[in-house]
file upload.tsv (TSV, C-alpha atoms)
chain	number	residue	atom	x	y	z
A	16	MET	CA	1.44	40.18	-75.09
A	17	ARG	CA	2.38	41.49	-71.64
A	18	ALA	CA	0.39	40.50	-68.55
A	19	GLN	CA	-1.29	43.57	-67.11
A	20	GLY	CA	-4.11	42.35	-64.87
A	21	ASP	CA	-6.47	45.11	-63.81
A	22	ARG	CA	-3.86	47.57	-62.55
A	23	TYR	CA	-3.91	51.24	-63.52
A	24	ILE	CA	-2.01	54.34	-62.52
A	25	GLY	CA	-3.80	57.63	-61.89
A	26	ILE	CA	-1.96	60.95	-61.78
A	27	MET	CA	-3.61	64.19	-60.72
A	28	SER	CA	-2.21	67.71	-60.55
A	29	GLY	CA	-4.96	70.06	-59.49
A	30	THR	CA	-5.64	73.75	-59.17
A	31	SER	CA	-3.44	74.05	-56.09
A	32	MET	CA	-0.49	73.52	-58.48
A	33	ASP	CA	1.72	72.17	-55.69
A	34	GLY	CA	2.69	68.97	-57.47
A	35	ALA	CA	1.42	65.64	-58.75
A	36	ASP	CA	-0.36	62.98	-56.69
A	37	ALA	CA	-0.18	59.48	-58.13
A	38	VAL	CA	-1.52	56.06	-57.22
A	39	LEU	CA	-1.20	52.53	-58.56
A	40	VAL	CA	-4.58	50.85	-58.22
A	41	ASP	CA	-5.76	47.27	-58.56
A	42	PHE	CA	-9.39	47.13	-59.70
A	43	SER	CA	-9.75	43.34	-59.65
A	44	GLY	CA	-11.53	43.23	-56.28
A	45	GLU	CA	-14.87	44.56	-55.07
A	46	ARG	CA	-13.23	47.90	-54.21
A	47	PRO	CA	-10.20	49.60	-55.72
A	48	ALA	CA	-7.03	48.65	-53.84
A	49	VAL	CA	-4.18	51.17	-53.77
A	50	LEU	CA	-0.90	49.29	-54.17
A	51	ALA	CA	1.38	52.34	-54.05
A	52	ALA	CA	1.14	56.12	-53.75
A	53	ALA	CA	3.52	58.97	-54.54
A	54	HIS	CA	3.67	62.75	-54.48
A	55	GLU	CA	6.09	64.67	-56.69
A	56	PRO	CA	6.35	68.40	-55.90
A	57	PHE	CA	6.54	70.81	-58.80
A	58	PRO	CA	9.83	72.64	-59.25
A	59	ASP	CA	9.36	76.31	-58.46
A	60	ALA	CA	9.90	77.29	-62.09
A	61	LEU	CA	7.20	74.90	-63.34
A	62	ARG	CA	4.71	76.10	-60.75
A	63	ALA	CA	5.45	79.69	-61.80
A	64	ASP	CA	5.03	78.79	-65.47
A	65	PHE	CA	1.63	77.22	-64.89
A	66	GLY	CA	0.58	80.16	-62.74
A	67	GLN	CA	1.40	82.58	-65.56
A	68	LEU	CA	-0.42	80.43	-68.11
A	69	GLN	CA	-3.67	80.84	-66.20
A	70	GLN	CA	-4.02	84.27	-67.81
A	71	PRO	CA	-3.27	85.59	-71.33
A	72	GLY	CA	0.37	86.46	-71.99
A	73	ASP	CA	3.11	86.61	-74.59
A	74	ASN	CA	4.36	83.58	-76.50
A	75	GLU	CA	1.88	81.27	-74.81
A	76	ILE	CA	2.17	78.37	-77.26
A	77	HIS	CA	5.93	78.11	-76.77
A	78	ARG	CA	5.79	78.48	-72.99
A	79	GLU	CA	2.93	76.02	-72.62
A	80	ALA	CA	4.66	73.40	-74.77
A	81	LEU	CA	7.81	73.49	-72.66
A	82	ALA	CA	5.78	73.38	-69.44
A	83	ALA	CA	3.94	70.34	-70.80
A	84	ASN	CA	7.25	68.59	-71.46
A	85	ALA	CA	8.40	69.34	-67.92
A	86	LEU	CA	5.12	68.05	-66.49
A	87	ALA	CA	5.50	64.78	-68.42
A	88	ARG	CA	8.88	64.30	-66.73
A	89	VAL	CA	7.33	64.92	-63.30
A	90	TYR	CA	4.61	62.39	-64.10
A	91	ALA	CA	7.19	59.87	-65.33
A	92	GLY	CA	9.04	60.27	-62.03
A	93	CYS	CA	5.81	59.39	-60.22
A	94	VAL	CA	5.42	56.25	-62.34
A	95	THR	CA	8.98	55.11	-61.55
A	96	THR	CA	8.34	55.62	-57.82
A	97	LEU	CA	5.05	53.71	-57.90
A	98	LEU	CA	6.48	50.74	-59.78
A	99	GLY	CA	9.44	50.60	-57.40
A	100	GLN	CA	7.19	50.64	-54.33
A	101	ALA	CA	4.95	47.88	-55.72
A	102	GLY	CA	7.77	45.75	-57.15
A	103	LEU	CA	6.15	45.78	-60.59
A	104	GLN	CA	7.29	46.43	-64.14
A	105	ALA	CA	5.74	48.73	-66.74
A	106	GLY	CA	4.21	45.70	-68.44
A	107	ASP	CA	2.20	44.95	-65.29
A	108	VAL	CA	0.12	48.13	-65.70
A	109	ALA	CA	-2.70	48.45	-68.23
A	110	ALA	CA	-2.61	52.24	-68.58
A	111	ILE	CA	-1.88	55.57	-66.94
A	112	GLY	CA	-4.72	58.04	-66.47
A	113	ALA	CA	-3.02	61.45	-66.62
A	114	HIS	CA	-5.10	64.51	-65.85
A	115	GLY	CA	-2.62	67.24	-66.82
A	116	GLN	CA	-2.58	70.77	-65.43
A	117	THR	CA	-5.65	72.87	-66.13
A	118	ILE	CA	-4.59	76.24	-67.52
A	119	ARG	CA	-7.94	77.45	-68.93
A	120	HIS	CA	-11.47	76.24	-68.28
A	121	ARG	CA	-14.18	78.04	-70.26
A	122	PRO	CA	-16.99	75.55	-70.99
A	123	GLY	CA	-20.09	76.92	-72.69
A	124	LEU	CA	-18.57	80.33	-73.44
A	125	TYR	CA	-17.95	82.25	-76.66
A	126	ASP	CA	-19.55	79.84	-79.15
A	127	GLU	CA	-21.88	77.87	-76.82
A	128	ILE	CA	-19.30	75.05	-76.60
A	129	GLY	CA	-16.25	76.81	-75.21
A	130	TYR	CA	-13.23	74.76	-74.23
A	131	THR	CA	-11.10	73.33	-71.46
A	132	ARG	CA	-7.33	72.96	-71.63
A	133	GLN	CA	-5.23	70.62	-69.51
A	134	SER	CA	-1.58	71.14	-70.34
A	135	GLN	CA	0.55	68.01	-70.66
A	136	HIS	CA	2.44	65.90	-73.21
A	137	PRO	CA	0.88	62.42	-72.96
A	138	ALA	CA	2.86	61.11	-75.94
A	139	LEU	CA	6.09	61.97	-74.12
A	140	LEU	CA	4.80	60.33	-70.94
A	141	ALA	CA	4.01	57.15	-72.89
A	142	GLU	CA	7.51	57.26	-74.34
A	143	LEU	CA	9.16	57.75	-70.95
A	144	ALA	CA	7.02	55.30	-69.00
A	145	GLY	CA	6.53	52.55	-71.60
A	146	ILE	CA	2.84	52.33	-70.64
A	147	ASP	CA	-0.31	53.33	-72.53
A	148	VAL	CA	-1.50	56.77	-71.46
A	149	VAL	CA	-5.07	58.05	-71.38
A	150	ALA	CA	-5.42	61.83	-71.26
A	151	ASP	CA	-7.72	64.73	-72.20
A	152	PHE	CA	-10.65	63.43	-70.16
A	153	ARG	CA	-12.68	66.63	-70.02
A	154	SER	CA	-12.97	67.67	-73.67
A	155	ARG	CA	-15.52	65.06	-74.78
A	156	ASP	CA	-17.93	66.06	-72.03
A	157	VAL	CA	-17.55	69.73	-73.04
A	158	ALA	CA	-18.14	68.80	-76.68
A	159	ALA	CA	-21.40	67.15	-75.54
A	160	GLY	CA	-22.53	70.40	-73.95
A	161	GLY	CA	-21.23	69.65	-70.46
A	162	GLN	CA	-19.00	71.46	-68.03
A	163	GLY	CA	-16.25	68.85	-68.23
A	164	ALA	CA	-16.15	68.96	-64.43
A	165	PRO	CA	-16.30	67.61	-61.89
A	166	LEU	CA	-15.51	64.10	-63.11
A	167	VAL	CA	-15.07	62.31	-59.78
A	168	PRO	CA	-18.67	61.97	-58.49
A	169	ALA	CA	-19.09	58.49	-60.03
A	170	LEU	CA	-16.08	57.26	-58.05
A	171	HIS	CA	-17.29	59.12	-54.95
A	172	GLN	CA	-20.51	57.15	-55.22
A	173	ALA	CA	-18.62	53.86	-55.60
A	174	LEU	CA	-16.27	54.51	-52.68
A	175	PHE	CA	-18.44	56.42	-50.23
A	176	GLY	CA	-22.07	55.94	-51.24
A	177	ASP	CA	-24.48	54.23	-48.85
A	178	GLY	CA	-27.86	52.97	-49.94
A	179	ALA	CA	-29.35	53.75	-46.55
A	180	GLU	CA	-27.93	57.26	-46.03
A	181	ALA	CA	-27.69	60.44	-48.09
A	182	ARG	CA	-24.13	61.77	-48.06
A	183	VAL	CA	-22.02	64.56	-49.53
A	184	VAL	CA	-18.40	64.16	-50.56
A	185	CYS	CA	-16.41	67.38	-50.77
A	186	ASN	CA	-13.02	67.77	-52.38
A	187	ILE	CA	-11.14	70.89	-51.27
A	188	GLY	CA	-8.25	71.37	-53.65
A	189	GLY	CA	-7.43	74.70	-55.26
A	190	ILE	CA	-11.15	74.81	-56.04
A	191	SER	CA	-13.78	73.10	-53.88
A	192	ASN	CA	-16.45	70.80	-55.26
A	193	ILE	CA	-19.16	68.54	-53.90
A	194	SER	CA	-20.79	65.28	-54.94
A	195	VAL	CA	-24.30	64.77	-53.60
A	196	LEU	CA	-24.93	61.05	-53.09
A	197	PRO	CA	-28.61	60.32	-52.43
A	198	GLY	CA	-29.29	57.30	-50.28
A	199	ASP	CA	-32.43	56.37	-52.19
A	200	GLY	CA	-30.91	55.47	-55.54
A	201	GLY	CA	-31.62	58.89	-57.03
A	202	ALA	CA	-29.39	60.77	-59.45
A	203	VAL	CA	-25.96	61.88	-58.28
A	204	ILE	CA	-25.26	65.58	-58.72
A	205	GLY	CA	-22.09	67.56	-58.23
A	206	PHE	CA	-20.45	70.87	-59.06
A	207	ASP	CA	-17.72	73.31	-58.09
A	208	CYS	CA	-18.58	75.43	-55.06
A	209	GLY	CA	-15.88	78.08	-55.40
A	210	PRO	CA	-12.32	78.66	-54.22
A	211	GLY	CA	-10.71	76.05	-52.03
A	212	ASN	CA	-7.02	76.52	-51.27
A	213	ALA	CA	-6.01	78.57	-54.32
A	214	LEU	CA	-6.55	82.03	-52.84
A	215	LEU	CA	-5.40	80.92	-49.38
A	216	ASP	CA	-2.12	79.65	-50.79
A	217	TYR	CA	-1.67	82.80	-52.87
A	218	TRP	CA	-2.24	85.10	-49.92
A	219	ILE	CA	0.07	83.36	-47.44
A	220	GLY	CA	2.71	83.13	-50.17
A	221	GLU	CA	2.50	86.87	-50.80
A	222	GLN	CA	2.44	87.85	-47.15
A	223	LEU	CA	4.65	85.27	-45.41
A	224	GLY	CA	6.48	83.51	-48.24
A	225	MET	CA	4.97	80.17	-47.24
A	226	PRO	CA	3.47	77.64	-49.71
A	227	TYR	CA	0.35	76.96	-47.61
A	228	ASP	CA	-1.25	77.62	-44.23
A	229	ASP	CA	-0.37	74.54	-42.17
A	230	ASP	CA	-3.55	73.32	-40.40
A	231	GLY	CA	-5.06	76.78	-41.01
A	232	ALA	CA	-3.02	78.13	-38.08
A	233	TRP	CA	-2.49	81.58	-39.59
A	234	ALA	CA	-6.16	81.87	-40.51
A	235	ALA	CA	-7.08	80.90	-36.96
A	236	SER	CA	-4.91	83.73	-35.63
A	237	GLY	CA	-7.00	86.32	-37.49
A	238	ARG	CA	-10.63	87.40	-37.42
A	239	VAL	CA	-13.12	87.11	-40.24
A	240	ASP	CA	-13.76	90.46	-41.90
A	241	GLU	CA	-17.51	90.29	-42.48
A	242	ALA	CA	-17.51	93.14	-45.00
A	243	LEU	CA	-14.84	91.45	-47.12
A	244	LEU	CA	-16.63	88.11	-46.83
A	245	ALA	CA	-19.84	89.72	-48.07
A	246	GLU	CA	-18.00	91.30	-51.01
A	247	CYS	CA	-16.60	87.91	-51.97
A	248	LEU	CA	-19.89	86.06	-51.64
A	249	ALA	CA	-21.59	88.68	-53.81
A	250	ASP	CA	-19.87	87.23	-56.87
A	251	PRO	CA	-22.60	85.85	-59.18
A	252	TYR	CA	-20.90	82.47	-59.37
A	253	PHE	CA	-22.01	81.53	-55.87
A	254	ASN	CA	-25.69	81.96	-56.70
A	255	ALA	CA	-25.53	80.37	-60.15
A	256	ALA	CA	-27.48	77.13	-60.49
A	257	PRO	CA	-25.65	73.90	-61.27
A	258	PRO	CA	-24.34	72.38	-63.42
A	259	LYS	CA	-21.42	74.74	-63.04
A	260	SER	CA	-17.65	74.62	-62.77
A	261	THR	CA	-14.92	77.16	-62.21
A	262	GLY	CA	-11.19	77.56	-61.67
A	263	ARG	CA	-8.37	80.06	-61.53
A	264	ASP	CA	-9.89	81.72	-64.60
A	265	LEU	CA	-12.31	83.38	-62.14
A	266	PHE	CA	-10.83	83.02	-58.66
A	267	HIS	CA	-7.39	84.50	-59.17
A	268	PRO	CA	-5.32	87.11	-57.28
A	269	ALA	CA	-6.82	90.04	-59.21
A	270	TRP	CA	-10.30	88.86	-58.15
A	271	LEU	CA	-9.24	89.07	-54.51
A	272	GLU	CA	-7.46	92.39	-54.90
A	273	ALA	CA	-10.57	93.92	-56.51
A	274	ARG	CA	-12.68	92.94	-53.52
A	275	LEU	CA	-10.14	94.26	-51.07
A	276	ALA	CA	-10.23	97.56	-52.97
A	277	THR	CA	-14.05	97.83	-52.99
A	278	ARG	CA	-14.61	96.66	-49.43
A	279	GLY	CA	-14.32	100.16	-47.96
A	280	GLY	CA	-13.16	101.20	-44.51
A	281	PRO	CA	-9.80	100.47	-42.87
A	282	ALA	CA	-7.86	97.67	-44.53
A	283	PRO	CA	-8.04	94.33	-42.70
A	284	SER	CA	-4.82	92.84	-41.38
A	285	PRO	CA	-3.15	90.14	-43.48
A	286	ALA	CA	-4.16	87.47	-40.95
A	287	ASP	CA	-7.75	88.72	-41.07
A	288	VAL	CA	-7.75	88.36	-44.86
A	289	GLN	CA	-6.53	84.77	-44.48
A	290	ALA	CA	-9.26	84.04	-41.94
A	291	THR	CA	-11.83	85.54	-44.31
A	292	LEU	CA	-10.65	83.50	-47.27
A	293	ALA	CA	-10.88	80.31	-45.20
A	294	ALA	CA	-14.37	81.35	-44.10
A	295	LEU	CA	-15.27	81.95	-47.77
A	296	THR	CA	-14.23	78.40	-48.67
A	297	ALA	CA	-16.25	76.92	-45.80
A	298	GLU	CA	-19.32	79.12	-46.26
A	299	ALA	CA	-19.56	78.47	-50.02
A	300	ILE	CA	-19.47	74.72	-49.38
A	301	ALA	CA	-21.97	74.94	-46.51
A	302	ARG	CA	-24.40	77.02	-48.55
A	303	ASP	CA	-24.35	74.46	-51.34
A	304	VAL	CA	-24.84	71.56	-48.94
A	305	ARG	CA	-27.85	73.32	-47.41
A	306	ALA	CA	-29.30	74.22	-50.80
A	307	HIS	CA	-28.70	71.00	-52.72
A	308	ALA	CA	-28.19	68.23	-50.16
A	309	ALA	CA	-30.47	69.12	-47.27
A	310	PRO	CA	-31.28	65.48	-46.35
A	311	SER	CA	-27.57	64.63	-45.96
A	312	ARG	CA	-26.26	64.21	-42.46
A	313	ARG	CA	-22.68	63.37	-43.37
A	314	LEU	CA	-20.04	65.47	-45.16
A	315	ILE	CA	-16.95	63.52	-46.18
A	316	VAL	CA	-13.98	65.75	-47.05
A	317	CYS	CA	-10.87	65.02	-49.10
A	318	GLY	CA	-8.12	67.04	-50.76
A	319	GLY	CA	-5.58	69.32	-49.13
A	320	GLY	CA	-8.30	71.35	-47.41
A	321	ALA	CA	-9.18	68.31	-45.31
A	322	ARG	CA	-5.90	68.96	-43.47
A	323	ASN	CA	-6.86	72.57	-42.73
A	324	GLY	CA	-8.25	72.38	-39.21
A	325	TYR	CA	-9.65	75.90	-39.36
A	326	ILE	CA	-11.73	75.17	-42.47
A	327	MET	CA	-12.93	71.87	-41.01
A	328	ARG	CA	-14.06	73.61	-37.82
A	329	ARG	CA	-15.85	76.30	-39.83
A	330	LEU	CA	-17.66	73.62	-41.81
A	331	ALA	CA	-18.81	71.89	-38.64
A	332	GLN	CA	-20.06	75.20	-37.22
A	333	ALA	CA	-21.89	76.10	-40.42
A	334	LEU	CA	-23.56	72.69	-40.72
A	335	PRO	CA	-25.01	71.76	-37.32
A	336	GLY	CA	-26.40	68.25	-37.34
A	337	VAL	CA	-24.05	67.16	-40.13
A	338	ALA	CA	-21.13	64.89	-39.27
A	339	VAL	CA	-18.01	66.39	-40.86
A	340	GLN	CA	-15.43	63.68	-41.50
A	341	THR	CA	-12.57	62.96	-43.89
A	342	THR	CA	-12.21	60.15	-46.38
A	343	GLU	CA	-9.57	58.65	-44.11
A	344	ASP	CA	-12.42	57.65	-41.79
A	345	PHE	CA	-13.51	55.42	-44.69
A	346	GLY	CA	-10.09	54.00	-45.45
A	347	VAL	CA	-8.98	56.36	-48.24
A	348	PRO	CA	-6.23	58.95	-47.63
A	349	VAL	CA	-7.40	62.48	-48.44
A	350	SER	CA	-4.61	63.01	-50.99
A	351	GLN	CA	-5.44	59.89	-53.03
A	352	VAL	CA	-9.11	60.23	-53.95
A	353	GLU	CA	-8.74	62.26	-57.16
A	354	ALA	CA	-5.74	60.27	-58.37
A	355	ILE	CA	-7.77	57.07	-57.89
A	356	ALA	CA	-10.52	58.69	-59.94
A	357	PHE	CA	-8.22	59.21	-62.93
A	358	ALA	CA	-6.97	55.64	-62.73
A	359	TRP	CA	-10.64	54.61	-62.83
A	360	LEU	CA	-11.35	56.96	-65.73
A	361	ALA	CA	-8.46	55.45	-67.71
A	362	ARG	CA	-9.95	52.01	-67.10
A	363	GLN	CA	-13.37	53.20	-68.22
A	364	CYS	CA	-11.85	54.54	-71.43
A	365	LEU	CA	-10.05	51.29	-72.28
A	366	LEU	CA	-13.26	49.35	-71.58
A	367	ARG	CA	-15.20	51.85	-73.74
A	368	LEU	CA	-17.48	52.68	-70.81
A	369	PRO	CA	-18.78	56.16	-69.90
A	370	GLY	CA	-16.73	58.21	-67.47
A	371	ASN	CA	-18.97	61.21	-66.95
A	372	VAL	CA	-22.20	61.61	-65.01
A	373	ALA	CA	-24.51	63.72	-67.16
A	374	THR	CA	-26.60	64.86	-64.17
A	375	VAL	CA	-23.38	66.35	-62.79
A	376	THR	CA	-21.80	67.98	-65.84
A	377	GLY	CA	-24.92	68.79	-67.86
A	378	ALA	CA	-23.66	66.87	-70.90
A	379	ALA	CA	-26.17	65.50	-73.40
A	380	GLY	CA	-25.58	62.01	-72.03
A	381	PRO	CA	-22.99	59.45	-70.95
A	382	ARG	CA	-19.75	59.64	-72.90
A	383	VAL	CA	-16.53	57.66	-73.07
A	384	LEU	CA	-13.84	60.12	-71.95
A	385	GLY	CA	-10.19	60.36	-72.87
A	386	ALA	CA	-7.73	59.98	-75.72
A	387	ILE	CA	-5.36	57.00	-75.80
A	388	TYR	CA	-1.62	57.36	-76.46
A	389	PRO	CA	-0.15	53.85	-76.95
A	390	ARG	CA	3.22	53.04	-75.41
call {"tool": "encode", "arguments": {"input": "upload.tsv", "output": "structure tokens"}}
result
Amino acid sequence: MRAQGDRYIGIMSGTSMDGADAVLVDFSGERPAVLAAAHEPFPDALRADFGQLQQPGDNEIHREALAANALARVYAGCVTTLLGQAGLQAGDVAAIGAHGQTIRHRPGLYDEIGYTRQSQHPALLAELAGIDVVADFRSRDVAAGGQGAPLVPALHQALFGDGAEARVVCNIGGISNISVLPGDGGAVIGFDCGPGNALLDYWIGEQLGMPYDDDGAWAASGRVDEALLAECLADPYFNAAPPKSTGRDLFHPAWLEARLATRGGPAPSPADVQATLAALTAEAIARDVRAHAAPSRRLIVCGGGARNGYIMRRLAQALPGVAVQTTEDFGVPVSQVEAIAFAWLARQCLLRLPGNVATVTGAAGPRVLGAIYPR
């Protein structure tokens, strides 16, 4: 039997679809210790494939299967990098927690159960990496009547909770979500707020050919179009009660184009649209903090949006009296939080311990999440 200790790898590729973030984590201490971290960008073709798979199209089964194979190779590259950085062998790692790439997320729809689909080939990853792989974390929660998302609030509580202070942790990836951490031992809640970077990245890509808006500089050069912002915020999702979750199924380019078309009046400049989309991200988060976490006086932000200075300033303006910080102020890089969560979820699965928080997802109760693919 190989010595593995309490080391796990977590790999996350989120709704921004820019690549895979991976960490190698040691859970043997009081707090998770990151031994190595890696980011593997998606090849342009793979990013395009996953973008097309967000909506119905021809020959989906074939195209998704090949994209899943390609993603497994990206993930395997992350594993090689992590092991090299840490000076470890495959046998030193208990398991890989691999999220996969969400291509459809429809919990509770159609037949009252619905579904969620994260594209990947975990069997191929186990073959390439020589390490047990845990995947398909969301489906069991959906089967139990839950949203299958978000799954990170339990880790947010462990890393950033404070028994003396109510706090909110906000991840701004392609979609934004919050975890409300009461300081009095009460139930943790969490849900998706709305778009994070997904529409921002789409718009700057269309207009300037850039993958993202560095520090929100282009957004800051424009002015918020209040009429367009109101059209966006009128979507019923923003007023729906939690538990709730969303993704590119709802907040996609056609959603934005429809609101630009119905806004009326002279068309806003491209920079003004970018400013408005950034304001939408910040305002949706701020509304949810005010509505569901009023006692909190600290907002701790992670994900790519934490590096968008314009969004961070908008959040601070919209939440007077709330300290807006990033997870780096608490010793955790903003790009690592969700990858750590999936390493933790893999560990929970192997230990046969629950990974979901039912007060967050709305599931019937705690459930062990994930399917195991032995090496």
call {"tool": "atom_distance", "arguments": {"input": "upload.tsv", "atom1": "CA of Thr261 in chain A", "atom2": "CA of Asp207 in chain A"}}
result
6.3 Å
call {"tool": "atom_distance", "arguments": {"input": "upload.tsv", "atom1": "CA of Gln67 in chain A", "atom2": "CA of Lys259 in chain A"}}
result
24.3 Å
call {"tool": "residues_around", "arguments": {"input": "upload.tsv", "residues": "Arg155 in chain A", "least_positions_apart": "5", "cutoff": "12 Å", "atoms": "all atoms listed in the file", "output": "ChimeraX atom specification"}}
result
/A:122,128-132,150,160-164,166,364,369-371,373,376,378-386
call {"tool": "write_last_selection", "arguments": {"input": "upload.tsv", "atoms": "C-alpha atoms", "output": "tab-separated table (two decimals), keeping the file's coordinate frame"}}
result
chain	number	residue	atom	x	y	z
A	122	PRO	CA	-16.99	75.55	-70.99
A	128	ILE	CA	-19.30	75.05	-76.60
A	129	GLY	CA	-16.25	76.81	-75.21
A	130	TYR	CA	-13.23	74.76	-74.23
A	131	THR	CA	-11.10	73.33	-71.46
A	132	ARG	CA	-7.33	72.96	-71.63
A	150	ALA	CA	-5.42	61.83	-71.26
A	160	GLY	CA	-22.53	70.40	-73.95
A	161	GLY	CA	-21.23	69.65	-70.46
A	162	GLN	CA	-19.00	71.46	-68.03
A	163	GLY	CA	-16.25	68.85	-68.23
A	164	ALA	CA	-16.15	68.96	-64.43
A	166	LEU	CA	-15.51	64.10	-63.11
A	364	CYS	CA	-11.85	54.54	-71.43
A	369	PRO	CA	-18.78	56.16	-69.90
A	370	GLY	CA	-16.73	58.21	-67.47
A	371	ASN	CA	-18.97	61.21	-66.95
A	373	ALA	CA	-24.51	63.72	-67.16
A	376	THR	CA	-21.80	67.98	-65.84
A	378	ALA	CA	-23.66	66.87	-70.90
A	379	ALA	CA	-26.17	65.50	-73.40
A	380	GLY	CA	-25.58	62.01	-72.03
A	381	PRO	CA	-22.99	59.45	-70.95
A	382	ARG	CA	-19.75	59.64	-72.90
A	383	VAL	CA	-16.53	57.66	-73.07
A	384	LEU	CA	-13.84	60.12	-71.95
A	385	GLY	CA	-10.19	60.36	-72.87
A	386	ALA	CA	-7.73	59.98	-75.72
call {"tool": "residues_around", "arguments": {"input": "upload.tsv", "residues": "Gly44 in chain A", "least_positions_apart": "4", "cutoff": "12 Å", "atoms": "only C-alpha atoms", "output": "number ranges by chain"}}
result
A: 20-22, 40, 48-49
call {"tool": "closest_residue", "arguments": {"input": "upload.tsv", "among": "A:Asn186, A:Gln135, A:Ser154, A:Gln340", "to": "Ala91 in chain A", "atoms": "all atoms listed in the file"}}
result
A:Gln135
